[in-house]
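One structure below.
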Amino acid sequence: MGRDRRGSHARHRLPTEWQSRRAGPARGFRGLARRPVAAALLCAGLLIAGGGTAGLMLLRGHPGTSPRPVAHPGRPPAEAVAALPRPAGSSKVARPVSLSIPAIEVHTRLIRLGLTAQDTLQVPASTSVAGWYAGSPRPGQIGSAIIAGHIDSYRGPGVFFRLRLLRPGDRIYIRRADGTPAVFRVYAERMYAKDRFPTQQVYGPAPDPELRLITCGGTFDPATGSYLSNVVVYAAQIR
Amino acid sequence: MKLRAAAALVPLSLALALLGAAPSAAAQRTGWIRWGNWSPSAPNFDIYLNSFGGSGGPTVIRHVRYGHVSAYMTLPTGQYTIAMRDAGAAATTPPTLSASVQVAAGTAYTIVSMGPASHLGVQVLKETMMSSPGKALVRVVQESVQQHRVSVTAGSRKLGGPLLLGAYTSFLAVSPGWLAIHAAGISTNTTTHVFLPANTIHTLVVLDKPGRQGDLRIHTLQDAVGSKTMPAGGAATGFGGTAPVRAPSPVPWAAVIAGGLLCCAAAGYWLRRVRHQARHAR
C-alpha cells in the first residue's frame, strides 16, 4: 500500500545497494534488519525459550533399582562343606582371600582395607570387589572380622547390592590364603543412619569368631554424593 | 573370708542380669557361656549344661581339669542349669555342684567350680563387651585357695587387692602391649608377662600352682577381641547408581522459557512501535 511512497522517500537517503535489497522478497525481515537491536532481542528470546523447552524436556528422575532375590541360589563351594571343622579361635588363621554368599549370588575376591586419613573405614576402589579391614581379626579368629563392599557404582549395582536381602540362617563362605574355608551363619541384618553408627557394636569386641558385612543403604543424598545409612549383616562362625 | 567367698557363689545369675546390656544385644538373640574348673583339690569334672525346660539332652564336657576353661559356646537366650559331676560318674548320680544362669542376649558368662574341697562352690562371672577405644580391658579374679589374700599389679599400677577367695575387680582400662602382671599373696608371689592388644578384653585368674604347695600362677583368659583400631563411623560404600533420583523442579526451566518469550514480546512490541512512529512521522 504505502510501499511506493515510502520507497520514494527512502530513495533520497539510501545508497543504491540498499534499494536493491529492500526490493527483495523478504519484506517481513526488512524491519528487523533496520532495527538490529530488536532483531538481536528477538533472536535471543527465541533461543532462550527454545533452550528452556529443551531443558524442561530433558528433566526426569528415575525410580532406582531395587535388589531382587536370587531365583536359584547357587550351591555353596563344595570344598567348604567337605572340610573338617577347625577349632574356633585358633591363632594361626590365614588372611581371607575370597568371599561367597550363594543366597545373594556374591562371589568375590577380598582385598585388604585400612583406614582413611579421617580414620574411617577404607573402602575398595572397585565397586565389584569386597575388602577385609586388616585391622580387624581374620575371619575365624576370635572377634568380628570387618568386610566392606559397595552397594553400587555411579552406573549400576555393586558387589553388595543385594546384601540387605540376607536373612538369619543364610550362609557365608570365606576362603583363606592357605586354602582353608570358614563358614558363617547370618544372625542379624540391621540398617543404621551414618550419623548414629554404633561403632562399638559393629567393630567392638566379640567373644567368638564373627563377621560384619558392611555396605550402604537408605536414602541417597545427591548433594554429598553418598548414602545416609549403612547396612550391616552380622554372622557367627559355624565351621 | 568365707563369707566374702560365699557371697560370690552360687545363684548370682539373677543379680548379674541387672549389670547392663552388652552392645551387641540389639542385634542378636544369643549369648555365650564358657565353663571351667578352678577348685584345685577337686577331681576332674564332667560338666553338664541343660536348657531349662528345653528339649534334647544336655551338652556334656568331660574331664575338665583344674585350671581349664572351655571356649565360649553360643546359646539361645534363656535359663540354663549347670551340673558338675566327678569325671566318669553316671549322669543319673546327684551332681557335686550345680547352678543356674539366665543367659541374656549378647552377654557372655564364665561358670566355674571354685574353692577348697571342703567348700566347693560355683562362681558365675559376667563379661563386658564394651571396649575402651585404644586401651585393653583387664579384670582380676582371685581363685587361689592357698593364699588367702592376693594383690595384683600391672607394672607399677595396682589392679586390685588384697582380694579374698572368689573376689574379682571390675574391668580396668590399661595401655595395650606387654604387661608384667605381679600377684603377691601372703607368703609367696609370682610375675607373668602377658601381651594385651588394644581393644581386647581379658580376665586374669590367680590360681594355685599344681603340685607346689602355696605357689601362685596367673592364668590369662581372652574374653573378647575387637579391631586393633576402631574405624570412626560408617563406611562410604555407594555412589548412588541404583538410588532413586527425584526429577528436579521444572520451575527454573519454565522461568527461562518465560524470559525468552518476554524478550520476543519486547522485540515485537518495539518493532511495531517503531513502524507505527515511522508511519505517523510521515
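In the C-alpha cells, the first chain shown is A, the next is B, and so on; residue numbers restart at 1 for each chain, and ligands run from 1 in the order shown.
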Write out as CSV a residue-level contact list of chain B versus chain A with cut-off 8 Å: for each qualifying residue the closest pair of atoms and the distance in Å to one decimal, counting only C-alpha atoms, rows sorted by chain and residue number upward.
```
residue,atom,partner,partner_atom,distance
B:Pro23,CA,A:Gln201,CA,5.2
B:Ser24,CA,A:Gln201,CA,5.1
B:Ala27,CA,A:Ala188,CA,5.8
B:Gln28,CA,A:Ala188,CA,6.4
B:Trp32,CA,A:Pro207,CA,7.9
B:Tyr72,CA,A:Asp208,CA,6.7
B:Ala108,CA,A:Pro207,CA,7.5
B:Met129,CA,A:Pro205,CA,5.7
B:Met130,CA,A:Gln200,CA,6.8
B:Ser131,CA,A:Pro205,CA,6.5
B:Asn199,CA,A:Pro205,CA,6.8
B:Thr200,CA,A:Pro205,CA,6.4
B:Ile201,CA,A:Pro205,CA,7.5
B:Asp223,CA,A:Pro207,CA,5.7
B:Ala224,CA,A:Pro207,CA,4.1
B:Val225,CA,A:Pro205,CA,4.4
B:Gly226,CA,A:Pro205,CA,3.7
B:Ser227,CA,A:Ser136,CA,4.0
B:Lys228,CA,A:Gly135,CA,5.2
B:Thr229,CA,A:Gly135,CA,6.1
B:Met230,CA,A:Tyr203,CA,6.1
B:Pro231,CA,A:Thr120,CA,4.8
B:Ala232,CA,A:Thr120,CA,4.6
B:Gly233,CA,A:Phe197,CA,5.6
B:Gly234,CA,A:Lys194,CA,5.6
B:Ala235,CA,A:Leu121,CA,5.6
B:Ala236,CA,A:Ser226,CA,6.8
B:Thr237,CA,A:His150,CA,4.3
B:Gly238,CA,A:His150,CA,5.1
B:Phe239,CA,A:Ser153,CA,4.9
B:Gly240,CA,A:Tyr154,CA,5.8
B:Gly241,CA,A:Tyr154,CA,4.2
B:Thr242,CA,A:Thr65,CA,4.8
B:Ala243,CA,A:Gly64,CA,4.5
B:Pro244,CA,A:Gly64,CA,3.5
B:Val245,CA,A:Gly61,CA,4.9
B:Arg246,CA,A:Gly61,CA,4.7
B:Ala247,CA,A:Gly61,CA,3.9
B:Pro248,CA,A:Leu59,CA,6.8
B:Pro250,CA,A:Leu56,CA,6.2
B:Trp253,CA,A:Gly52,CA,4.9
B:Ala254,CA,A:Gly52,CA,6.6
B:Ala255,CA,A:Gly52,CA,7.9
B:Val256,CA,A:Gly52,CA,5.2
B:Ile257,CA,A:Ala49,CA,4.0
B:Ala258,CA,A:Ala49,CA,6.9
B:Gly259,CA,A:Ala49,CA,7.1
B:Gly260,CA,A:Gly45,CA,3.8
B:Leu261,CA,A:Gly45,CA,5.7
B:Leu262,CA,A:Gly45,CA,7.0
B:Cys263,CA,A:Gly45,CA,4.5
B:Cys264,CA,A:Leu42,CA,4.5
B:Ala265,CA,A:Leu42,CA,7.8
B:Ala266,CA,A:Leu41,CA,7.8
B:Ala267,CA,A:Ala38,CA,4.9
B:Gly268,CA,A:Leu42,CA,7.3
B:Trp270,CA,A:Ala38,CA,6.8
B:Leu271,CA,A:Ala38,CA,6.8
B:Arg275,CA,A:Gly31,CA,7.8
```
For this session: Would you list the contacts of Gln147 of chain B as a ChimeraX atom specification, taking every protein, DNA or RNA residue within 9 Å and counting only C-alpha atoms, but skipping same-chain residues closer than 4 positions in sequence?
Result: /B:143,164-165,184-188,208,214-216
Exercise. Using the chain letters and numbers from this document, which residues of segment 113-183 of chain A does DSSP assign to strand (DSSP E), as a PyMOL selection string?
Worked result: chain A and resi 113+130-133+143-148+171-176+181-183
For this session: Quote the spacing between atom CA of Ser100 of chain B and atom CA of Pro162 of chain B in Å to one decimal place.
Result: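 That distance, rounded to one decimal, is 29.1 Å.
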For this session: Show which residues sit within 9 Å of Leu196 of chain B, as a list in words. Count only C-alpha atoms, and ignore same-chain residues fewer than 6 positions away.
Result: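 What passes the distance filter is Lys135, Ala136, Leu137, Val138, Val174, Ser175, Pro176, Gly177, Trp178, Leu179 and His202 of chain B.
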Exercise. Which residues, written as a ChimeraX atom specification, have at least one atom at most 8 Å from Ile104 of chain A, with only C-alpha atoms counted and residues fewer than 4 positions away on the same chain left out?
Worked result: /A:69-70,73,162-163,165-166
Store the residues picked out above, limited to all heavy atoms, as an mmCIF file, in the first residue's frame.
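The new file part_5.cif reads:
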```cif
data_model
loop_
_atom_site.group_PDB
_atom_site.id
_atom_site.type_symbol
_atom_site.label_atom_id
_atom_site.label_comp_id
_atom_site.auth_asym_id
_atom_site.auth_seq_id
_atom_site.Cartn_x
_atom_site.Cartn_y
_atom_site.Cartn_z
ATOM 1 N N PRO A 69 15.514 -60.841 44.958
ATOM 2 C CA PRO A 69 16.122 -62.072 45.468
ATOM 3 C C PRO A 69 16.608 -62.938 44.315
ATOM 4 O O PRO A 69 16.062 -62.891 43.213
ATOM 5 C CB PRO A 69 14.978 -62.758 46.204
ATOM 6 C CG PRO A 69 13.945 -61.717 46.406
ATOM 7 C CD PRO A 69 14.118 -60.708 45.319
ATOM 8 N N VAL A 70 17.636 -63.710 44.590
ATOM 9 C CA VAL A 70 18.169 -64.625 43.599
ATOM 10 C C VAL A 70 17.155 -65.754 43.403
ATOM 11 O O VAL A 70 16.656 -66.320 44.374
ATOM 12 C CB VAL A 70 19.509 -65.180 44.097
ATOM 13 C CG1 VAL A 70 20.025 -66.243 43.169
ATOM 14 C CG2 VAL A 70 20.494 -64.042 44.230
ATOM 15 N N PRO A 73 19.401 -69.746 44.219
ATOM 16 C CA PRO A 73 20.707 -69.530 44.843
ATOM 17 C C PRO A 73 21.674 -70.658 44.500
ATOM 18 O O PRO A 73 21.290 -71.829 44.492
ATOM 19 C CB PRO A 73 20.386 -69.538 46.337
ATOM 20 C CG PRO A 73 18.943 -69.240 46.429
ATOM 21 C CD PRO A 73 18.322 -69.801 45.188
ATOM 22 N N ARG A 162 22.843 -56.699 46.864
ATOM 23 C CA ARG A 162 21.743 -57.462 47.468
ATOM 24 C C ARG A 162 21.964 -57.764 48.950
ATOM 25 O O ARG A 162 21.245 -58.561 49.522
ATOM 26 C CB ARG A 162 21.582 -58.792 46.734
ATOM 27 C CG ARG A 162 21.070 -58.675 45.310
ATOM 28 C CD ARG A 162 20.586 -60.055 44.871
ATOM 29 N NE ARG A 162 20.105 -60.062 43.508
ATOM 30 C CZ ARG A 162 20.890 -60.377 42.480
ATOM 31 N NH1 ARG A 162 22.138 -60.706 42.692
ATOM 32 N NH2 ARG A 162 20.394 -60.373 41.258
ATOM 33 N N LEU A 163 22.962 -57.145 49.566
ATOM 34 C CA LEU A 163 23.319 -57.526 50.938
ATOM 35 C C LEU A 163 22.130 -57.460 51.893
ATOM 36 O O LEU A 163 21.962 -58.316 52.755
ATOM 37 C CB LEU A 163 24.446 -56.625 51.459
ATOM 38 C CG LEU A 163 25.173 -57.174 52.689
ATOM 39 C CD1 LEU A 163 26.016 -58.384 52.324
ATOM 40 C CD2 LEU A 163 26.054 -56.117 53.332
ATOM 41 N N LEU A 165 19.243 -58.197 51.524
ATOM 42 C CA LEU A 165 18.281 -59.295 51.387
ATOM 43 C C LEU A 165 18.678 -60.504 52.229
ATOM 44 O O LEU A 165 17.925 -61.462 52.333
ATOM 45 C CB LEU A 165 18.154 -59.728 49.922
ATOM 46 C CG LEU A 165 17.638 -58.652 48.962
ATOM 47 C CD1 LEU A 165 17.532 -59.229 47.557
ATOM 48 C CD2 LEU A 165 16.291 -58.122 49.420
ATOM 49 N N LEU A 166 19.873 -60.490 52.818
ATOM 50 C CA LEU A 166 20.299 -61.633 53.643
ATOM 51 C C LEU A 166 19.417 -61.727 54.880
ATOM 52 O O LEU A 166 19.035 -60.717 55.466
ATOM 53 C CB LEU A 166 21.762 -61.486 54.049
ATOM 54 C CG LEU A 166 22.781 -61.831 52.968
ATOM 55 C CD1 LEU A 166 24.193 -61.603 53.470
ATOM 56 C CD2 LEU A 166 22.619 -63.288 52.521
#
```
For this session: Provide the atom CA of Arg171 of chain A to atom CA of Pro139 of chain A distance in Å, to one decimal place.
Result: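 Computed distance, atom CA of Arg171 of chain A to atom CA of Pro139 of chain A, equals 13.9 Å.
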For this session: Find the residues around Thr192 of chain B up to 7 Å (only C-alpha atoms counted), leave out those fewer than 2 positions away in its own chain, and share them as a list in words.
Result: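 In the requested form, the answer reads Ala180, Ile181, His182, Thr190, Val194 and Ile218 of chain B.
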Problem set entry | Distance query Gln213 of chain B at most 8 Å, only C-alpha atoms, self and fewer than 3 positions along chain excluded, as a list in words |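 That gives Gln146, Lys209 and Pro210 of chain B.
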